[in-house]
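J.: As input, take data_11.cif (mmCIF, C-alpha atoms):
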```
data_my_file
loop_
_atom_site.group_PDB
_atom_site.id
_atom_site.type_symbol
_atom_site.label_atom_id
_atom_site.label_comp_id
_atom_site.auth_asym_id
_atom_site.auth_seq_id
_atom_site.Cartn_x
_atom_site.Cartn_y
_atom_site.Cartn_z
ATOM 1 C CA MET A 1 -68.145 13.147 4.083
ATOM 2 C CA SER A 2 -67.905 16.576 2.531
ATOM 3 C CA SER A 3 -71.191 17.875 1.181
ATOM 4 C CA LYS A 4 -69.817 18.496 -2.325
ATOM 5 C CA TYR A 5 -68.533 14.936 -2.605
ATOM 6 C CA SER A 6 -71.814 13.489 -1.300
ATOM 7 C CA HIS A 7 -73.765 15.735 -3.625
ATOM 8 C CA ASP A 8 -71.826 14.413 -6.639
ATOM 9 C CA LEU A 9 -72.374 10.818 -5.547
ATOM 10 C CA ILE A 10 -76.092 11.439 -4.989
ATOM 11 C CA SER A 11 -76.288 12.947 -8.506
ATOM 12 C CA ILE A 12 -75.098 9.596 -9.904
ATOM 13 C CA LEU A 13 -77.825 7.775 -7.938
ATOM 14 C CA LYS A 14 -80.443 10.266 -9.138
ATOM 15 C CA MET A 15 -79.339 9.743 -12.736
ATOM 16 C CA LEU A 16 -79.716 5.960 -12.308
ATOM 17 C CA LYS A 17 -83.136 6.467 -10.726
ATOM 18 C CA ASN A 18 -84.203 8.646 -13.675
ATOM 19 C CA ILE A 19 -83.202 5.877 -16.105
ATOM 20 C CA GLU A 20 -85.338 3.473 -14.096
ATOM 21 C CA GLU A 21 -88.313 5.830 -14.122
ATOM 22 C CA ASP A 22 -88.064 6.524 -17.857
ATOM 23 C CA LEU A 23 -87.822 2.839 -18.665
ATOM 24 C CA ASN A 24 -91.046 2.548 -16.663
ATOM 25 C CA LEU A 25 -89.950 -0.574 -14.856
ATOM 26 C CA ILE A 26 -91.348 0.508 -11.502
ATOM 27 C CA LYS A 27 -94.822 -0.933 -11.295
ATOM 28 C CA TYR A 28 -95.303 -0.397 -7.595
ATOM 29 C CA SER A 29 -94.807 2.729 -5.517
ATOM 30 C CA GLU A 30 -92.437 2.862 -2.542
ATOM 31 C CA THR A 31 -95.433 2.529 -0.184
ATOM 32 C CA GLU A 32 -96.671 -0.565 -1.989
ATOM 33 C CA LYS A 33 -93.170 -2.076 -1.962
ATOM 34 C CA LYS A 34 -92.881 -1.444 1.780
ATOM 35 C CA ILE A 35 -96.214 -3.151 2.418
ATOM 36 C CA TYR A 36 -95.126 -6.146 0.340
ATOM 37 C CA TYR A 37 -91.836 -6.403 2.250
ATOM 38 C CA THR A 38 -93.758 -6.201 5.530
ATOM 39 C CA ILE A 39 -95.959 -9.144 4.498
ATOM 40 C CA ALA A 40 -92.895 -11.136 3.395
ATOM 41 C CA TRP A 41 -90.974 -10.273 6.583
ATOM 42 C CA LYS A 42 -93.898 -11.164 8.883
ATOM 43 C CA ASN A 43 -94.487 -14.466 7.111
ATOM 44 C CA ALA A 44 -90.807 -15.362 7.279
ATOM 45 C CA ASN A 45 -90.425 -14.486 10.966
ATOM 46 C CA ASP A 46 -93.766 -15.412 12.540
ATOM 47 C CA GLY A 47 -95.030 -17.939 10.020
ATOM 48 C CA SER A 48 -98.212 -15.920 9.437
ATOM 49 C CA CYS A 49 -99.323 -12.390 8.680
ATOM 50 C CA CYS A 50 -102.721 -10.770 9.025
ATOM 51 C CA ILE A 51 -103.874 -7.356 7.827
ATOM 52 C CA SER A 52 -103.646 -5.857 11.340
ATOM 53 C CA ASP A 53 -99.981 -6.936 11.519
ATOM 54 C CA VAL A 54 -99.265 -5.095 8.275
ATOM 55 C CA ILE A 55 -100.990 -1.933 9.532
ATOM 56 C CA ASP A 56 -99.050 -2.071 12.830
ATOM 57 C CA GLU A 57 -95.671 -2.893 11.307
ATOM 58 C CA SER A 58 -95.751 -0.635 8.266
ATOM 59 C CA GLY A 59 -97.324 2.386 9.944
ATOM 60 C CA PHE A 60 -99.582 3.101 6.984
ATOM 61 C CA SER A 61 -103.294 3.818 7.319
ATOM 62 C CA ARG A 62 -105.863 1.044 7.179
ATOM 63 C CA SER A 63 -107.289 2.292 3.863
ATOM 64 C CA THR A 64 -103.811 2.433 2.211
ATOM 65 C CA VAL A 65 -103.021 -1.088 3.366
ATOM 66 C CA TYR A 66 -106.391 -2.444 2.213
ATOM 67 C CA LYS A 67 -106.118 -0.739 -1.171
ATOM 68 C CA THR A 68 -102.599 -2.064 -1.690
ATOM 69 C CA ILE A 69 -103.459 -5.612 -0.650
ATOM 70 C CA LYS A 70 -106.424 -5.520 -3.040
ATOM 71 C CA ARG A 71 -104.010 -4.555 -5.822
ATOM 72 C CA PHE A 72 -101.585 -7.325 -4.873
ATOM 73 C CA GLU A 73 -104.459 -9.799 -4.913
ATOM 74 C CA GLU A 74 -105.542 -8.646 -8.391
ATOM 75 C CA ASP A 75 -101.941 -9.052 -9.581
ATOM 76 C CA GLN A 76 -101.889 -12.504 -7.963
ATOM 77 C CA ILE A 77 -98.782 -11.890 -5.886
ATOM 78 C CA VAL A 78 -100.592 -12.200 -2.533
ATOM 79 C CA LYS A 79 -103.335 -14.625 -1.506
ATOM 80 C CA ILE A 80 -105.903 -13.834 1.202
ATOM 81 C CA TYR A 81 -107.334 -16.512 3.502
ATOM 82 C CA GLN A 82 -109.819 -16.127 6.307
ATOM 83 C CA SER A 83 -108.183 -16.765 9.672
ATOM 84 C CA SER A 84 -109.333 -19.978 11.362
ATOM 85 C CA SER A 85 -108.875 -18.529 14.868
ATOM 86 C CA ASP A 86 -110.570 -15.175 14.258
ATOM 87 C CA LYS A 87 -113.237 -15.077 11.576
ATOM 88 C CA ARG A 88 -112.966 -11.269 11.295
ATOM 89 C CA GLU A 89 -109.285 -11.434 10.423
ATOM 90 C CA PHE A 90 -107.613 -12.344 7.108
ATOM 91 C CA ASN A 91 -104.238 -13.990 6.701
ATOM 92 C CA LEU A 92 -101.926 -12.950 3.912
ATOM 93 C CA VAL A 93 -99.659 -15.378 2.089
ATOM 94 C CA LEU A 94 -97.258 -14.602 -0.738
ATOM 95 C CA ALA A 95 -98.355 -16.338 -3.954
ATOM 96 C CA MET B 1 -58.039 19.889 -1.282
ATOM 97 C CA ILE B 2 -59.749 17.092 0.665
ATOM 98 C CA HIS B 3 -62.482 17.041 -1.967
ATOM 99 C CA THR B 4 -59.880 16.651 -4.746
ATOM 100 C CA LEU B 5 -58.197 13.817 -2.858
ATOM 101 C CA LYS B 6 -61.474 12.018 -2.224
ATOM 102 C CA VAL B 7 -62.522 12.406 -5.850
ATOM 103 C CA THR B 8 -59.097 11.278 -7.146
ATOM 104 C CA LEU B 9 -59.206 8.177 -4.959
ATOM 105 C CA THR B 10 -62.810 7.339 -5.890
ATOM 106 C CA VAL B 11 -62.190 7.885 -9.592
ATOM 107 C CA TYR B 12 -58.949 5.886 -9.563
ATOM 108 C CA ILE B 13 -60.527 2.910 -7.775
ATOM 109 C CA PHE B 14 -63.587 2.946 -10.031
ATOM 110 C CA ALA B 15 -61.546 3.203 -13.247
ATOM 111 C CA MET B 16 -59.139 0.462 -12.139
ATOM 112 C CA LEU B 17 -62.131 -1.713 -11.254
ATOM 113 C CA CYS B 18 -63.404 -1.222 -14.797
ATOM 114 C CA TYR B 19 -59.994 -2.284 -16.170
ATOM 115 C CA ALA B 20 -59.919 -5.283 -13.802
ATOM 116 C CA ILE B 21 -63.378 -6.453 -14.926
ATOM 117 C CA TRP B 22 -62.875 -5.656 -18.594
ATOM 118 C CA TYR B 23 -59.548 -7.372 -19.274
ATOM 119 C CA PRO B 24 -60.390 -10.908 -18.044
ATOM 120 C CA LEU B 25 -63.693 -10.723 -19.962
ATOM 121 C CA GLN B 26 -61.771 -9.555 -23.013
ATOM 122 C CA VAL B 27 -59.353 -12.513 -23.004
ATOM 123 C CA LEU B 28 -61.950 -15.061 -21.888
ATOM 124 C CA ASP B 29 -62.497 -17.178 -24.979
ATOM 125 C CA LEU B 30 -65.221 -19.634 -24.017
ATOM 126 C CA ALA B 31 -66.003 -20.656 -27.593
ATOM 127 C CA ASN B 32 -62.276 -21.061 -28.376
ATOM 128 C CA LEU B 33 -62.516 -18.650 -31.303
ATOM 129 C CA ASN B 34 -59.063 -17.249 -30.642
ATOM 130 C CA PRO B 35 -56.820 -20.232 -29.723
ATOM 131 C CA ASN B 36 -53.571 -18.273 -30.167
ATOM 132 C CA GLN B 37 -54.772 -15.614 -27.711
ATOM 133 C CA GLU B 38 -53.977 -12.811 -30.155
ATOM 134 C CA TRP B 39 -55.060 -9.289 -29.364
ATOM 135 C CA LEU B 40 -58.209 -8.662 -31.375
ATOM 136 C CA GLY B 41 -59.231 -5.349 -29.903
ATOM 137 C CA SER B 42 -62.279 -4.661 -27.819
ATOM 138 C CA LEU B 43 -65.862 -4.049 -28.816
ATOM 139 C CA CYS B 44 -66.873 -3.253 -25.263
ATOM 140 C CA TYR B 45 -64.233 -1.035 -23.678
ATOM 141 C CA LEU B 46 -65.451 -0.596 -20.097
ATOM 142 C CA PRO B 47 -62.777 1.953 -19.031
ATOM 143 C CA HIS B 48 -64.420 4.510 -21.331
ATOM 144 C CA GLY B 49 -67.514 4.243 -19.125
ATOM 145 C CA ALA B 50 -65.355 5.190 -16.140
ATOM 146 C CA ARG B 51 -63.941 8.187 -18.041
ATOM 147 C CA VAL B 52 -67.361 9.515 -19.020
ATOM 148 C CA LEU B 53 -69.216 8.862 -15.775
ATOM 149 C CA MET B 54 -66.489 10.167 -13.520
ATOM 150 C CA PHE B 55 -65.832 13.294 -15.581
ATOM 151 C CA CYS B 56 -69.542 14.071 -15.935
ATOM 152 C CA PHE B 57 -70.228 13.855 -12.212
ATOM 153 C CA PHE B 58 -66.958 14.943 -10.622
ATOM 154 C CA ARG B 59 -65.950 17.307 -13.466
ATOM 155 C CA TYR B 60 -62.342 18.577 -13.654
ATOM 156 C CA TYR B 61 -61.503 17.168 -10.209
ATOM 157 C CA SER B 62 -61.662 13.690 -11.747
ATOM 158 C CA LEU B 63 -58.896 14.247 -14.317
ATOM 159 C CA PRO B 64 -55.851 13.361 -12.108
ATOM 160 C CA GLY B 65 -57.475 10.102 -10.974
ATOM 161 C CA LEU B 66 -58.552 9.249 -14.494
ATOM 162 C CA TYR B 67 -55.105 9.898 -15.957
ATOM 163 C CA LEU B 68 -53.436 7.825 -13.226
ATOM 164 C CA ALA B 69 -55.790 4.954 -14.023
ATOM 165 C CA GLU B 70 -55.145 5.395 -17.764
ATOM 166 C CA ILE B 71 -51.428 4.888 -17.120
ATOM 167 C CA HIS B 72 -51.652 2.213 -14.422
ATOM 168 C CA GLY B 73 -54.540 0.210 -15.921
ATOM 169 C CA PRO B 74 -52.702 -0.980 -19.047
ATOM 170 C CA THR B 75 -49.381 -1.306 -17.123
ATOM 171 C CA PHE B 76 -50.808 -3.512 -14.390
ATOM 172 C CA ILE B 77 -53.032 -5.581 -16.641
ATOM 173 C CA HIS B 78 -51.188 -6.376 -19.825
ATOM 174 C CA HIS B 79 -49.109 -3.584 -21.249
ATOM 175 C CA ASN B 80 -48.080 -5.566 -24.355
ATOM 176 C CA ASP B 81 -51.616 -5.217 -25.708
ATOM 177 C CA TYR B 82 -51.273 -1.430 -25.846
ATOM 178 C CA MET B 83 -49.326 0.389 -28.536
ATOM 179 C CA TYR B 84 -46.271 2.515 -27.756
ATOM 180 C CA GLY B 85 -47.284 6.065 -26.885
ATOM 181 C CA TRP B 86 -50.404 5.098 -24.989
ATOM 182 C CA ASN B 87 -49.524 7.473 -22.150
ATOM 183 C CA VAL B 88 -49.858 10.372 -24.587
ATOM 184 C CA ALA B 89 -52.892 8.844 -26.296
ATOM 185 C CA ALA B 90 -54.561 8.622 -22.880
ATOM 186 C CA LEU B 91 -54.498 12.416 -22.785
ATOM 187 C CA ALA B 92 -56.407 12.463 -26.078
ATOM 188 C CA SER B 93 -58.930 10.017 -24.612
ATOM 189 C CA LEU B 94 -59.528 12.320 -21.676
ATOM 190 C CA PHE B 95 -59.645 15.339 -23.950
ATOM 191 C CA SER B 96 -62.365 13.645 -26.035
ATOM 192 C CA VAL B 97 -64.575 13.383 -22.945
ATOM 193 C CA VAL B 98 -63.842 16.968 -21.871
ATOM 194 C CA ALA B 99 -64.558 18.219 -25.408
ATOM 195 C CA ALA B 100 -67.793 16.218 -25.594
ATOM 196 C CA VAL B 101 -69.036 17.662 -22.297
ATOM 197 C CA GLU B 102 -68.122 21.217 -23.338
ATOM 198 C CA LEU B 103 -69.814 20.688 -26.713
ATOM 199 C CA VAL B 104 -73.009 19.511 -25.031
ATOM 200 C CA LYS B 105 -72.783 22.517 -22.708
ATOM 201 C CA TRP B 106 -72.324 24.804 -25.705
ATOM 202 C CA THR B 107 -75.647 23.595 -27.138
ATOM 203 C CA ARG B 108 -77.317 25.381 -24.221
ATOM 204 C CA ALA B 109 -77.705 22.340 -22.004
ATOM 205 C CA THR B 110 -76.911 24.778 -19.198
ATOM 206 C CA PRO B 111 -79.013 27.921 -18.784
ATOM 207 C CA GLY B 112 -77.517 31.315 -19.722
ATOM 208 C CA PHE B 113 -74.178 31.968 -21.366
ATOM 209 C CA PHE B 114 -71.534 29.320 -22.038
ATOM 210 C CA SER B 115 -68.927 28.949 -19.321
ATOM 211 C CA PHE B 116 -66.327 26.295 -18.546
ATOM 212 C CA PHE B 117 -67.267 26.594 -14.877
ATOM 213 C CA LYS B 118 -70.954 25.847 -15.328
ATOM 214 C CA LYS B 119 -72.047 22.298 -14.778
ATOM 215 C CA ILE B 120 -74.597 20.281 -16.683
ATOM 216 C CA ASN B 121 -77.266 18.532 -14.674
ATOM 217 C CA PHE B 122 -76.372 14.964 -15.594
ATOM 218 C CA GLU B 123 -79.235 13.691 -13.450
ATOM 219 C CA ASN B 124 -80.971 14.076 -16.817
ATOM 220 C CA TYR B 125 -79.261 11.004 -18.271
ATOM 221 C CA LYS B 126 -79.992 12.058 -21.875
ATOM 222 C CA PHE B 127 -77.089 14.520 -21.630
ATOM 223 C CA LEU B 128 -74.925 11.612 -20.522
ATOM 224 C CA VAL B 129 -75.992 9.602 -23.574
ATOM 225 C CA LEU B 130 -75.014 12.543 -25.799
ATOM 226 C CA VAL B 131 -71.617 12.809 -24.116
ATOM 227 C CA VAL B 132 -71.057 9.051 -24.528
ATOM 228 C CA VAL B 133 -71.837 9.197 -28.270
ATOM 229 C CA VAL B 134 -69.779 12.325 -29.017
ATOM 230 C CA SER B 135 -66.812 11.282 -26.844
ATOM 231 C CA SER B 136 -66.712 7.792 -28.396
ATOM 232 C CA LEU B 137 -66.488 9.223 -31.896
ATOM 233 C CA LEU B 138 -63.906 11.819 -30.880
ATOM 234 C CA ASN B 139 -61.857 9.246 -28.982
ATOM 235 C CA GLY B 140 -61.750 6.898 -31.968
ATOM 236 C CA LEU B 141 -60.470 9.686 -34.198
ATOM 237 C CA LEU B 142 -58.079 11.442 -31.822
ATOM 238 C CA VAL B 143 -56.405 8.430 -30.222
ATOM 239 C CA ASN B 144 -55.832 6.619 -33.510
ATOM 240 C CA SER B 145 -54.498 9.750 -35.201
ATOM 241 C CA LEU B 146 -52.107 10.329 -32.322
ATOM 242 C CA LEU B 147 -50.959 6.702 -32.163
ATOM 243 C CA SER B 148 -50.360 6.592 -35.900
ATOM 244 C CA LEU B 149 -48.303 9.800 -35.634
ATOM 245 C CA ILE B 150 -46.217 8.532 -32.703
ATOM 246 C CA ASN B 151 -45.621 5.082 -34.195
ATOM 247 C CA SER B 152 -45.350 6.317 -37.811
ATOM 248 C CA THR B 153 -47.852 3.718 -38.953
ATOM 249 C CA SER B 154 -51.169 3.934 -40.695
ATOM 250 C CA ILE B 155 -54.321 2.862 -38.874
ATOM 251 C CA ASP B 156 -57.285 1.733 -40.952
ATOM 252 C CA VAL B 157 -60.840 2.981 -40.721
ATOM 253 C CA ILE B 158 -62.063 -0.297 -39.236
ATOM 254 C CA THR B 159 -59.854 0.269 -36.170
ATOM 255 C CA VAL B 160 -61.242 3.793 -35.726
ATOM 256 C CA PHE B 161 -64.765 2.389 -36.028
ATOM 257 C CA ARG B 162 -63.944 -0.401 -33.547
ATOM 258 C CA PHE B 163 -62.647 2.165 -31.042
ATOM 259 C CA ALA B 164 -65.808 4.274 -31.383
ATOM 260 C CA LEU B 165 -68.161 1.293 -31.118
ATOM 261 C CA GLY B 166 -66.166 -0.277 -28.282
ATOM 262 C CA ASP B 167 -66.269 2.946 -26.285
ATOM 263 C CA LEU B 168 -69.978 3.416 -26.942
ATOM 264 C CA LEU B 169 -70.891 -0.120 -25.880
ATOM 265 C CA GLY B 170 -68.422 -0.092 -22.987
ATOM 266 C CA ALA B 171 -69.820 3.116 -21.505
ATOM 267 C CA SER B 172 -73.368 1.793 -21.968
ATOM 268 C CA CYS B 173 -72.447 -1.454 -20.184
ATOM 269 C CA VAL B 174 -70.896 0.392 -17.234
ATOM 270 C CA THR B 175 -74.027 2.550 -16.850
ATOM 271 C CA LEU B 176 -76.252 -0.518 -17.178
ATOM 272 C CA GLY B 177 -74.132 -2.412 -14.650
ATOM 273 C CA LEU B 178 -74.354 0.448 -12.149
ATOM 274 C CA TRP B 179 -78.095 0.638 -12.680
ATOM 275 C CA ILE B 180 -78.493 -3.103 -11.987
ATOM 276 C CA ILE B 181 -76.436 -2.767 -8.771
ATOM 277 C CA PHE B 182 -78.476 0.309 -7.742
ATOM 278 C CA LYS B 183 -81.773 -1.471 -8.474
ATOM 279 C CA THR B 184 -80.713 -4.581 -6.533
ATOM 280 C CA LEU B 185 -79.589 -2.529 -3.541
ATOM 281 C CA THR B 186 -82.778 -0.442 -3.416
ATOM 282 C CA ASP B 187 -84.986 -3.496 -3.883
ATOM 283 C CA ASN B 188 -83.249 -5.201 -0.992
ATOM 284 C CA ARG B 189 -83.502 -2.050 1.099
ATOM 285 C CA LEU B 190 -79.722 -1.840 1.474
ATOM 286 C CA ILE B 191 -79.858 1.749 0.252
ATOM 287 C CA VAL B 192 -82.822 4.079 -0.094
ATOM 288 C CA HIS B 193 -83.730 6.150 -3.125
ATOM 289 C CA PRO B 194 -81.997 9.546 -2.962
ATOM 290 C CA ASP B 195 -85.369 11.330 -2.952
ATOM 291 C CA ASP B 196 -86.890 9.282 -0.120
#
```
Do you think you could lay out the structure here as structure tokens?
T.:
Amino acid sequence: MSSKYSHDLISILKMLKNIEEDLNLIKYSETEKKIYYTIAWKNANDGSCCISDVIDESGFSRSTVYKTIKRFEEDQIVKIYQSSSDKREFNLVLA
Amino acid sequence: MIHTLKVTLTVYIFAMLCYAIWYPLQVLDLANLNPNQEWLGSLCYLPHGARVLMFCFFRYYSLPGLYLAEIHGPTFIHHNDYMYGWNVAALASLFSVVAAVELVKWTRATPGFFSFFKKINFENYKFLVLVVVVSSLLNGLLVNSLLSLINSTSIDVITVFRFALGDLLGASCVTLGLWIIFKTLTDNRLIVHPDD
């Protein structure tokens, strides 16, 4: 694709993104969304998801993942259960 | 040249898509309010959204594609619903968008002196809203004046108002529709945000 053509198309996407930002409909950041998708993906594929899985799969730091999961828990979109096999680990389930 | 061709093709397909979505919705009469299927006019004219969006982002390169769609859209869909002289009126429709963009530019939306070659940064969608409002009003006036001249008939104020409102709502619906598609695609990770 020519750069001018792509640039014009990207301008349309940026305009749509600006509408979204001004309407203030984005509650979660891109990082938070990625962590949520990782939890959903892990649960769907493996049937379970623990915090270590999220850290490994998403590539974000432990503190970022913990902070985000805490926020999800406060918003009641993720539930945290202690793992029965490993008492130090917590399983994450979508609410 | 390749850029012009790509833009013409993109603009033509997008504008024809707007016609193809708009017309069935226009004649769909779920509540059976119009049993004789008479042409009542449109209060949500989606093709105006194509005119505004495509001209704002692809500028003068979009005009051939837009004019082709203005001629082919009504011909392919249902030409009897359009008055005689629509091919000429379509030029006025396009002129209303061009004039609206140049007017917005003239209000110093672009830095420095006024120039036809400068482009407005429509990533700031408020400029787009201004263009939609101004072009809708201009289109209502220009097209109806031209059609009444060509057909030697008088067109009442209500029709002019319906044109303006239809264009305004139509352009808003197209932008809203695109935004919903964009939001769905980004949320499903099928495309990424342009800044990411």
J.: Applied to this file, what does the PyMOL selection byres ((chain A) within 8 of (chain B)) return in terms of residues, put as a ChimeraX atom specification?
T.: /A:2,4-5,8-20
J.: Keeping C-alpha atoms, export the residues of the selection given above as a CSV table (one decimal), in the coordinates of the input.
T.:
```csv
chain,number,residue,atom,x,y,z
A,2,SER,CA,-67.9,16.6,2.5
A,4,LYS,CA,-69.8,18.5,-2.3
A,5,TYR,CA,-68.5,14.9,-2.6
A,8,ASP,CA,-71.8,14.4,-6.6
A,9,LEU,CA,-72.4,10.8,-5.5
A,10,ILE,CA,-76.1,11.4,-5.0
A,11,SER,CA,-76.3,12.9,-8.5
A,12,ILE,CA,-75.1,9.6,-9.9
A,13,LEU,CA,-77.8,7.8,-7.9
A,14,LYS,CA,-80.4,10.3,-9.1
A,15,MET,CA,-79.3,9.7,-12.7
A,16,LEU,CA,-79.7,6.0,-12.3
A,17,LYS,CA,-83.1,6.5,-10.7
A,18,ASN,CA,-84.2,8.6,-13.7
A,19,ILE,CA,-83.2,5.9,-16.1
A,20,GLU,CA,-85.3,3.5,-14.1
```
J.: A:Ile35, A:Tyr66, A:Ser6, A:Leu92: which is nearest A:Cys49, counting all atoms listed in the file?
T.: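 Closest candidate: A:Leu92.
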J.: Report the distance between atom CA of B:Leu66 and atom CA of B:Leu103 in Å, rounded to one decimal place.
T.: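 Spanning atom CA of B:Leu66 to atom CA of B:Leu103 is a straight-line distance of 20.2 Å.
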J.: Hey, can you pull every residue with an atom no more than 10 Å from (-102.4, -15.2, 0.0), using only C-alpha atoms, and send it as a PDB file with C-alpha atoms, in the coordinates of the input?
T.:
```
ATOM      1  CA  ILE A  39     -95.959  -9.144   4.498  1.00  0.00           C
ATOM      2  CA  CYS A  49     -99.323 -12.390   8.680  1.00  0.00           C
ATOM      3  CA  ILE A  69    -103.459  -5.612  -0.650  1.00  0.00           C
ATOM      4  CA  PHE A  72    -101.585  -7.325  -4.873  1.00  0.00           C
ATOM      5  CA  GLU A  73    -104.459  -9.799  -4.913  1.00  0.00           C
ATOM      6  CA  GLN A  76    -101.889 -12.504  -7.963  1.00  0.00           C
ATOM      7  CA  ILE A  77     -98.782 -11.890  -5.886  1.00  0.00           C
ATOM      8  CA  VAL A  78    -100.592 -12.200  -2.533  1.00  0.00           C
ATOM      9  CA  LYS A  79    -103.335 -14.625  -1.506  1.00  0.00           C
ATOM     10  CA  ILE A  80    -105.903 -13.834   1.202  1.00  0.00           C
ATOM     11  CA  TYR A  81    -107.334 -16.512   3.502  1.00  0.00           C
ATOM     12  CA  GLN A  82    -109.819 -16.127   6.307  1.00  0.00           C
ATOM     13  CA  PHE A  90    -107.613 -12.344   7.108  1.00  0.00           C
ATOM     14  CA  ASN A  91    -104.238 -13.990   6.701  1.00  0.00           C
ATOM     15  CA  LEU A  92    -101.926 -12.950   3.912  1.00  0.00           C
ATOM     16  CA  VAL A  93     -99.659 -15.378   2.089  1.00  0.00           C
ATOM     17  CA  LEU A  94     -97.258 -14.602  -0.738  1.00  0.00           C
ATOM     18  CA  ALA A  95     -98.355 -16.338  -3.954  1.00  0.00           C
TER      19      ALA A  95
END
```
J.: Please report the interatomic distance between atom CA of B:Trp86 and atom CA of B:His72 in Å with one decimal.
T.: 11.0 Å
J.: Would you pick out the contacts of A:Tyr28 at 10 Å or less, using all atoms listed in the file, so that residues sharing its chain but fewer than 3 positions from it are not included, and give the list as a compact mmCIF listing (two decimals) with C-alpha atoms, in the frame of the given file?
T.:
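And here is the file that came out, around.txt:
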```txt
# COMPACT_ATOMS: atom_id res chain seq x y z
CA LEU A 25 -89.95 -0.57 -14.86
CA THR A 31 -95.43 2.53 -0.18
CA GLU A 32 -96.67 -0.56 -1.99
CA LYS A 33 -93.17 -2.08 -1.96
CA LYS A 34 -92.88 -1.44 1.78
CA TYR A 36 -95.13 -6.15 0.34
CA THR A 68 -102.60 -2.06 -1.69
CA ARG A 71 -104.01 -4.56 -5.82
CA PHE A 72 -101.58 -7.32 -4.87
```
